[in-house]
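The structure appears right after this line, and notes come after that.
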Amino acid sequence: MTLWPRTLLWRSVLLIAGLLVVAHLAWLQIFRASEIEPRALQAAQQVISVVNLTRAALVTADPGRRYALLDELAQREGIQIYAGDPDEAVPALPNRPFLRIMAAQLRERLGEQTRMTLEREGIAGLWVSFRIDTDEYWVSLPRGRIERNEPLRWIGWGALVLALAVIGAFMVVARINRPLRELTRAAELLGRGGTPTRVTEAGPVEIRTLARAFNQMAADIQRQDEERALLLAGVSHDLRTPLSRIRLALEMLDDRGAADLKAGVAQDIGDIDTAIGQFLDFARPIDAEQVMNQADLNTLAEAVVGRYTRHGRNVVLRTGTPAPQALRAQAFQRLLANLIDNALHHASGTVEVATAREGPLNVIEVLDRGPGIPPEDAARMLQPFTRMNSARSTSGTGLGLAIVDRITRLHGGQVLLLPREGGGLRARVELPVA
Ligand SMILES: Nc1ncnc2c1ncn2[C@@H]1O[C@H](COP(=O)(O)OP(=O)(O)OP(=O)(O)O)[C@@H](O)[C@H]1O
Ligand SMILES: [Mg+2]
């Protein structure tokens with residue numbers, strides 16, 4: 001699992017927030033670096049004053065009152081004074097810029113022999129040594145007097161900045177994302193063959209232009225669909241009606257001598273009618289049909305197979321236990337009929353139809369013992385108007401499998417034309433169970 005989010009919204013939010021935090025940290029660093037020297041010098045100045053005053057007080061005080069003086073300094077100012085030894089070793093100062101600058105300043109102003117430490121005889125504080133004649137003394141100041149050390153407050157501010165950065169980034173990106181989401185939804189619907197409502201044409205120019213272009217495209221597609229429906233209705237009416245009139249007239253013809261001729265013409269009319277039927281099926285917008293939510297594949301298959309067996313065709317159905325499926329029932333029946341037609345037409349013998357549930361898939365197979373389709377030609381046969389070499393297939397438009405493929409894809413599934421074990425074709429339609 002990767003932590004990098006998948007959506008544009010959260011990627012952008014993270015990126016912008018990250019940039020803001022880095023910028024903030026950099027700025028903080030610059031600020032600290034630039035204020036550290038003045039702060040160290042100022043603190044050094046304070047310490048120098050304390051040391052000088054203490055020293056002067058000690059030197060000039062009446063020896064009898066020295067203890068009282070030291071006591072008062074400790075009470076009032078938190079400043080402690082101890083006698084020391086020049087040979088005494090004390091822990092070195094930690095190597096921090098602030099302390100380095102301060103120590104240099106103290107040595108410069110109080111003399112080279114001045115020593116500093118943060119701990120002496122187990123007592124923490126800022127310790128500074130000074131000399132009176134050859135005696136060494138140590139002054140101890142509470143560290144809070146010179147060092148500002150509030151990491152918790154900085155962490156608090158940092159967290160606040162981070163939170164503000166994330167919220168700000170979220171608001172910026174969400175504004176861009178909202179119209180994008182609407183567009184995505186509409187495009188998905190259009191891709192599935194639906195008719196989306198117009199998306200809002202508002203917001204920044206780029207988004208507005210995109211929305212307008214999308215609306216234009218959706219409207220064009222819809223107009224084309226309407227024109228196609230009109231065309232289909234026209235073909236259906238203008239070609240099929242005269243065709244049935246011819247067929248009727250042919251049957252009423254009384255000339256027995258031309259029986260062969262009549263049969264031939266009737267066959268041609270039948271072929272033309274079938275071809276027109278295929279054209280119409282192929283061009284018909286499938287999505288116009290209502291989706292049945294809990295369709296039972298077995299019932300639908302029984303209905304289709306029944307139509308063949310009633311006419312004495314050799315088709316058998318083996319039902320498995322497919323899951324209820326969201327289907328367009330008419331389209332599905334057309335799909336199955338096309339596969340059975342193929343098996344009857346391009347092969348001979350019994351045609352088997354089988355339904356099954358295989359994990360996440362519902363599967364319908366139509367099996368025959370004909371010549372089959374070589375694997376290298378399988379994908380091509382799903383294209384409209386493609387047929388195997390014409391010696392094998394005598395009649396047909398080459399639209400049947402294209403119709404099967406289109407209906408299957410509309411249901412989110414796929415068609416496989418597989419060689420059947422022992423010879424023949426195994427046409428397999430896989431539909432994902434919702
Ligand atoms: N069961 C099958 N066995 C062998 N070949 C097949 C089978 N089904 C299809 N084919 C081959 O695939 C080609 C394409 O099939 P498709 O159903 O698309 O067109 P068609 O059957 O020729 O015409 P129609 O539009 O009338 O169905 C067929 O011409 C045939 O050569
Ligand atoms: Mg066919």
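Each chain in the structure tokens gets a letter, A, B and so on, in the order shown; residues start at 1 in every chain, and ligands are counted from 1 in the order they appear.
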For range 111-125 of chain A, list every protein, DNA or RNA residue within 8 Å, evaluated using only C-alpha atoms, and leave out those in the same chain fewer than 5 positions away; present the list as a tab-separated table (two decimals) with C-alpha atoms, in the first residue's frame.
chain	number	residue	atom	x	y	z
A	90	VAL	CA	34.81	22.54	34.71
A	91	PRO	CA	32.76	21.01	31.85
A	92	ALA	CA	33.31	22.86	28.56
A	93	LEU	CA	30.48	24.89	27.02
A	103	ALA	CA	31.74	33.48	25.49
A	106	LEU	CA	32.77	37.90	27.74
A	130	PHE	CA	36.17	36.46	37.53
A	140	SER	CA	26.02	31.70	38.85
A	141	LEU	CA	22.97	33.10	37.05
A	142	PRO	CA	19.73	31.22	36.37
A	143	ARG	CA	19.89	30.16	32.73
Considering only C-alpha atoms and all ligand atoms, tabulate each residue of chain A that lies at most 7 Å from ligand 2 along with its nearest interatomic pair and the corresponding distance in Å to one decimal; arrange the rows by chain and ascending residue number and present them as JSON lines.
{"residue": "A:Asn338", "atom": "CA", "partner": "ligand 2", "partner_atom_place_in_ligand_line": "1 (Mg)", "distance": 5.8}
{"residue": "A:Leu339", "atom": "CA", "partner": "ligand 2", "partner_atom_place_in_ligand_line": "1 (Mg)", "distance": 6.8}
{"residue": "A:Asp341", "atom": "CA", "partner": "ligand 2", "partner_atom_place_in_ligand_line": "1 (Mg)", "distance": 6.0}
{"residue": "A:Asn342", "atom": "CA", "partner": "ligand 2", "partner_atom_place_in_ligand_line": "1 (Mg)", "distance": 4.4}
{"residue": "A:Gly396", "atom": "CA", "partner": "ligand 2", "partner_atom_place_in_ligand_line": "1 (Mg)", "distance": 6.4}
{"residue": "A:Gly398", "atom": "CA", "partner": "ligand 2", "partner_atom_place_in_ligand_line": "1 (Mg)", "distance": 6.2}
{"residue": "A:Leu399", "atom": "CA", "partner": "ligand 2", "partner_atom_place_in_ligand_line": "1 (Mg)", "distance": 6.6}
{"residue": "A:Gly400", "atom": "CA", "partner": "ligand 2", "partner_atom_place_in_ligand_line": "1 (Mg)", "distance": 4.1}
{"residue": "A:Leu401", "atom": "CA", "partner": "ligand 2", "partner_atom_place_in_ligand_line": "1 (Mg)", "distance": 6.1}
Q | Test item: residues lying within 9 Å of ligand 1 with only C-alpha atoms and all ligand atoms, as a count of residues only | A | 55
(Q) Taking 6 positions as the minimum chain separation for residues in the same chain, which residues sit within 12 Å of Glu226 in chain A when counting only C-alpha atoms? Answer as a list in words. (A)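 Returned residues: Thr195, Ala219, Asp220, Leu232, Ala233, Ala283, Arg284, Pro285 and Ala288 of chain A.
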Print the selection's residues with C-alpha atoms to a file, as a compact mmCIF listing (two decimals), in the first residue's frame.
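Saved the output as result.txt:
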# COMPACT_ATOMS: atom_id res chain seq x y z
CA THR A 195 -27.31 11.54 -21.60
CA ALA A 219 -25.22 18.09 -27.34
CA ASP A 220 -23.62 17.05 -30.66
CA LEU A 232 -33.32 3.72 -38.46
CA ALA A 233 -37.04 4.34 -38.30
CA ALA A 283 -27.24 0.72 -35.13
CA ARG A 284 -29.95 0.71 -32.47
CA PRO A 285 -28.93 2.61 -29.34
CA ALA A 288 -32.42 3.32 -24.57
Q.
Excluding Thr200 in chain A and its own-chain neighbours fewer than 5 positions away, which residues fall within 12 Å of it when counting only C-alpha atoms? Please give them as a list in words.
A. Arg178, Pro179, Leu180, Arg181, Glu182, Leu183, Ala186, Ile207, Arg208, Thr209, Leu210, Ala211, Arg212, Ala213, Phe214 and Asn215 of chain A
(Q) Applying 12 Å and only C-alpha atoms, which residues near Glu358 in chain A remain after dropping the ones on its own chain fewer than 2 positions away? List them as an NGL selection string. (A) :A and (320-323 or 355-356 or 360-364 or 429-433)
Based on the selection just made, write C-alpha atoms of those residues as an mmCIF file, in the first residue's frame.
data_model
loop_
_atom_site.group_PDB
_atom_site.id
_atom_site.type_symbol
_atom_site.label_atom_id
_atom_site.label_comp_id
_atom_site.auth_asym_id
_atom_site.auth_seq_id
_atom_site.Cartn_x
_atom_site.Cartn_y
_atom_site.Cartn_z
ATOM 1 C CA GLY A 320 -25.816 -23.430 -13.773
ATOM 2 C CA THR A 321 -26.410 -21.066 -10.846
ATOM 3 C CA PRO A 322 -25.620 -17.596 -12.144
ATOM 4 C CA ALA A 323 -26.121 -14.683 -9.734
ATOM 5 C CA THR A 355 -24.835 -20.618 -17.917
ATOM 6 C CA ALA A 356 -22.611 -20.577 -14.831
ATOM 7 C CA PRO A 360 -17.016 -12.602 -9.648
ATOM 8 C CA LEU A 361 -18.372 -13.470 -13.107
ATOM 9 C CA ASN A 362 -21.562 -14.731 -14.639
ATOM 10 C CA VAL A 363 -20.695 -16.755 -17.718
ATOM 11 C CA ILE A 364 -22.802 -17.756 -20.733
ATOM 12 C CA VAL A 429 -19.530 -14.112 -22.634
ATOM 13 C CA GLU A 430 -18.268 -13.002 -19.222
ATOM 14 C CA LEU A 431 -20.320 -10.495 -17.244
ATOM 15 C CA PRO A 432 -19.148 -9.073 -13.918
ATOM 16 C CA VAL A 433 -21.662 -9.647 -11.125
#
Q. Among range 15-227 of chain A, which ones does DSSP place in helix (DSSP H, G or I), written as a ChimeraX atom specification?
A. /A:15-60,63-77,97-110,143-145,151-191,205-227
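The residues of range 56-208 of chain A that DSSP classifies as strand (DSSP E or B), using the backbone of this structure, are A:Gln80, A:Ile81, A:Tyr82, A:Ala83, A:Gly84, A:Met116, A:Thr117, A:Leu118, A:Glu119, A:Arg120, A:Ile123, A:Ala124, A:Gly125, A:Leu126, A:Trp127, A:Val128, A:Ser129, A:Phe130, A:Arg131, A:Ile132, A:Asp135, A:Glu136, A:Tyr137, A:Trp138, A:Val139, A:Ser140, A:Leu141.
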Q: Figure out the distance between CA of Leu300 in chain A and CA of Pro324 in chain A, please, to one decimal in Å.
A: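 Taking CA of Pro324 in chain A as the start and CA of Leu300 in chain A as the end point, the length is 11.4 Å.
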Q. What lies within 9 Å of Leu317 in chain A using only C-alpha atoms, ignoring chain neighbours under 4 positions off, as a ChimeraX atom specification?
A. /A:301-302,305,351-355
For the residues in that selection, give me C-alpha atoms as an mmCIF file, in the first residue's frame.
data_model
loop_
_atom_site.group_PDB
_atom_site.id
_atom_site.type_symbol
_atom_site.label_atom_id
_atom_site.label_comp_id
_atom_site.auth_asym_id
_atom_site.auth_seq_id
_atom_site.Cartn_x
_atom_site.Cartn_y
_atom_site.Cartn_z
ATOM 1 C CA ALA A 301 -31.649 -18.116 -21.750
ATOM 2 C CA GLU A 302 -34.609 -20.509 -21.475
ATOM 3 C CA VAL A 305 -33.467 -21.399 -26.455
ATOM 4 C CA VAL A 351 -25.622 -26.462 -30.127
ATOM 5 C CA GLU A 352 -25.057 -26.289 -26.394
ATOM 6 C CA VAL A 353 -25.857 -23.220 -24.325
ATOM 7 C CA ALA A 354 -24.526 -23.122 -20.759
ATOM 8 C CA THR A 355 -24.835 -20.618 -17.917
#
Q.
What's around Ala163 in chain A at 12 Å? Count only C-alpha atoms, leave out sequence neighbours fewer than 5 positions away in its own chain, and write the answer as an MDAnalysis selection string.
A. chainID A and resid 13:14 17:18 20:21 156:158 168:170
Store the residues picked out above in a file with C-alpha atoms, as a compact mmCIF listing (two decimals), in the first residue's frame.
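What follows is the written file again.txt:
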# COMPACT_ATOMS: atom_id res chain seq x y z
CA VAL A 13 -3.41 19.56 -0.91
CA LEU A 14 -0.38 17.58 0.29
CA ALA A 17 0.81 22.12 2.34
CA GLY A 18 4.29 20.58 2.04
CA LEU A 20 4.11 26.00 2.72
CA VAL A 21 5.66 24.09 5.61
CA GLY A 156 2.62 24.79 18.88
CA TRP A 157 3.07 27.57 16.33
CA GLY A 158 4.45 25.08 13.81
CA GLY A 168 -5.81 26.76 2.84
CA ALA A 169 -4.55 24.25 0.32
CA PHE A 170 -7.74 22.24 0.67
**Q.** Nearest residue to Asp135 in chain A from the set A:Leu110, A:Ala83, A:Ala379, A:Ala187 (distances using only C-alpha atoms)
**A.**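 Once distances to Asp135 in chain A are computed over only C-alpha atoms, the minimum belongs to A:Ala83.
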Q.
Just checking: using only C-alpha atoms, which residue out of A:Thr241, A:Thr7, A:Thr408, A:Thr134 ends up closest to Ala331 in chain A?
A.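 Looking at the shortest contact to Ala331 in chain A, the residue is A:Thr408.
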